[in-house]
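The file coords-v5.txt comes next; it holds compact mmCIF, C-alpha atoms.
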# COMPACT_ATOMS: atom_id res chain seq x y z
CA MET A 1 0.00 0.00 0.00
CA SER A 2 1.28 3.46 -0.73
CA GLU A 3 0.20 7.01 -0.25
CA SER A 4 0.55 9.16 -3.32
CA ASN A 5 2.73 12.25 -3.08
CA GLY A 6 1.02 15.60 -3.06
CA THR A 7 -2.39 14.37 -1.89
CA GLY A 8 -1.99 15.13 1.80
CA GLY A 9 -3.04 11.63 2.81
CA LEU A 10 -6.32 11.85 0.89
CA LYS A 11 -5.50 9.03 -1.52
CA THR A 12 -4.24 5.48 -1.03
CA ALA A 13 -3.21 3.19 -3.86
CA VAL A 14 -2.59 -0.53 -3.62
CA ARG A 15 -1.82 -3.26 -6.15
CA VAL A 16 -4.50 -5.83 -5.36
CA GLU A 17 -2.25 -8.82 -6.02
CA ASP A 18 0.19 -7.44 -3.41
CA VAL A 19 -2.45 -7.57 -0.65
CA GLU A 20 -2.03 -10.62 1.58
CA PRO A 21 -4.82 -13.14 0.92
CA VAL A 22 -6.73 -14.60 3.87
CA ASP A 23 -8.51 -17.96 3.71
CA VAL A 24 -12.20 -17.54 4.59
CA ALA A 25 -13.25 -21.15 3.99
CA PRO A 26 -12.05 -23.98 1.75
CA GLY A 27 -11.78 -22.51 -1.75
CA ILE A 28 -12.49 -18.90 -0.71
CA VAL A 29 -9.78 -16.25 -0.36
CA ARG A 30 -10.36 -12.62 0.68
CA ARG A 31 -8.08 -9.63 0.28
CA GLY A 32 -8.95 -6.65 2.46
CA LEU A 33 -8.49 -3.39 0.56
CA PRO A 34 -7.85 0.06 2.06
CA ARG A 35 -10.65 1.41 4.18
CA THR A 36 -11.76 4.82 5.34
CA GLU A 37 -14.26 5.91 7.96
CA TYR A 38 -16.92 5.71 5.22
CA ALA A 39 -16.34 2.38 3.46
CA THR A 40 -14.17 -0.71 3.23
CA GLY A 41 -13.23 -2.62 0.11
CA TRP A 42 -12.42 -6.26 -0.55
CA LEU A 43 -11.65 -8.71 -3.31
CA ILE A 44 -12.87 -12.29 -2.99
CA ASP A 45 -11.84 -15.27 -5.08
CA PHE A 46 -14.12 -18.32 -5.09
CA ALA A 47 -12.84 -21.67 -6.34
CA PRO A 48 -15.29 -23.74 -8.39
CA GLY A 49 -17.90 -25.38 -6.15
CA SER A 50 -17.27 -23.17 -3.10
CA GLU A 51 -19.87 -21.53 -0.84
CA TRP A 52 -19.60 -18.75 1.75
CA PRO A 53 -19.36 -20.51 5.14
CA ASP A 54 -22.28 -18.69 6.86
CA THR A 55 -25.18 -16.43 5.99
CA ASP A 56 -23.77 -12.92 5.58
CA GLU A 57 -26.04 -10.42 7.35
CA HIS A 58 -25.71 -6.71 6.60
CA ALA A 59 -26.07 -4.00 9.20
CA THR A 60 -25.07 -1.51 6.49
CA GLU A 61 -25.12 -1.47 2.71
CA GLU A 62 -22.91 -3.90 0.77
CA ARG A 63 -22.13 -3.81 -2.96
CA TYR A 64 -20.13 -6.06 -5.23
CA TYR A 65 -19.16 -6.34 -8.87
CA VAL A 66 -18.55 -9.75 -10.44
CA LEU A 67 -15.22 -9.48 -12.25
CA SER A 68 -15.15 -13.04 -13.56
CA GLY A 69 -17.05 -16.30 -13.29
CA GLU A 70 -20.53 -16.56 -11.83
CA VAL A 71 -21.89 -15.93 -8.32
CA ILE A 72 -25.11 -17.67 -7.31
CA GLU A 73 -27.41 -15.96 -4.78
CA GLY A 74 -30.32 -18.27 -3.97
CA GLU A 75 -31.77 -19.07 -7.40
CA GLU A 76 -30.26 -16.01 -9.15
CA ARG A 77 -27.05 -16.27 -11.15
CA HIS A 78 -24.83 -13.20 -11.52
CA GLY A 79 -22.21 -13.44 -14.25
CA ALA A 80 -19.19 -11.29 -14.98
CA GLY A 81 -20.18 -7.65 -15.37
CA THR A 82 -23.04 -7.83 -12.84
CA TYR A 83 -23.25 -5.21 -10.07
CA VAL A 84 -25.19 -6.30 -6.96
CA VAL A 85 -26.36 -4.07 -4.09
CA PHE A 86 -27.64 -5.31 -0.72
CA ALA A 87 -29.57 -2.89 1.49
CA PRO A 88 -29.06 -2.69 5.27
CA GLY A 89 -30.93 -5.56 6.93
CA SER A 90 -30.43 -7.93 3.99
CA SER A 91 -28.61 -11.26 4.05
CA HIS A 92 -27.17 -13.75 1.57
CA ARG A 93 -24.89 -16.76 1.23
CA PRO A 94 -23.06 -16.62 -2.11
CA ARG A 95 -21.78 -19.71 -3.87
CA THR A 96 -20.40 -20.65 -7.26
CA GLU A 97 -20.21 -23.66 -9.50
CA THR A 98 -17.69 -22.19 -11.97
CA GLY A 99 -15.48 -20.11 -9.68
CA ALA A 100 -15.70 -16.34 -9.41
CA ARG A 101 -13.87 -13.16 -8.51
CA MET A 102 -15.77 -10.25 -6.99
CA LEU A 103 -14.76 -6.74 -5.99
CA GLY A 104 -16.90 -5.36 -3.19
CA PHE A 105 -17.49 -2.45 -0.86
CA THR A 106 -19.19 -2.23 2.48
CA VAL A 107 -20.57 1.17 3.43
CA LEU A 108 -19.81 1.90 7.07
CA SER A 109 -22.05 3.71 9.54
CA ALA A 110 -21.13 7.36 9.92

Represent the structure from my file as structure tokens, please.
Amino acid sequence: MSESNGTGGLKTAVRVEDVEPVDVAPGIVRRGLPRTEYATGWLIDFAPGSEWPDTDEHATEERYYVLSGEVIEGEERHGAGTYVVFAPGSSHRPRTETGARMLGFTVLSA
């Protein structure tokens, strides 16, 4: 992670592949991206046939963009290029048959 010169600490840049991956569950790896007091970012890689270990419940808004593969939410399939938004109070348990990579953001309470 690096702070860009001349921005007074208002910008952070990171090469995603340089962020240490953390195993969430078998076949699921998460990279935590820079956060602010307003939001946090993350990149998640799902191996084929993997499923999030528990139901993910949202106290605040969560958004993700499917970069590759396909994410299955209940009976809905979200392929590459799909942008998904979950409102506060929602829940889900994503899974995949093909494998997937998603870039997401969680809006934090102010």

Can you work out which one of A:Leu108, A:Ala59, A:Met102, A:Leu43 has the shortest atom-to-atom distance to A:Gly79, counting only C-alpha atoms?
->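 Looking at the shortest contact to A:Gly79, the residue is A:Met102.
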
Please provide the set of residues having any atom within 10 Å of stretch 23-26 of chain A, restricted to all atoms listed in the file, with same-chain residues fewer than 3 positions apart removed, written as an MDAnalysis selection string.
-> chainID A and resid 29:31 44:47 49:54

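Of note, atom CA of A:Glu61 and atom CA of A:Tyr38 are spaced 11.2 Å apart.
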
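Checking A:Gly81, A:Pro94, A:Gly74, A:Gly41 one by one against A:Val107, counting only C-alpha atoms, you find the shortest gap at A:Gly41.
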
Which value, in Å to one decimal, gives the distance between atom CA of A:His58 and atom CA of A:Ala100?
-> 21.2 Å

Write out as AutoDock Vina command-line options an axis-aligned box for stretch 35-42 of chain A: all of its atoms listed in the file, 3 Å added on each side, centre and edge lengths in Å with one decimal.
--center_x -13.8 --center_y -0.2 --center_z 3.7 --size_x 12.3 --size_y 18.2 --size_z 14.5
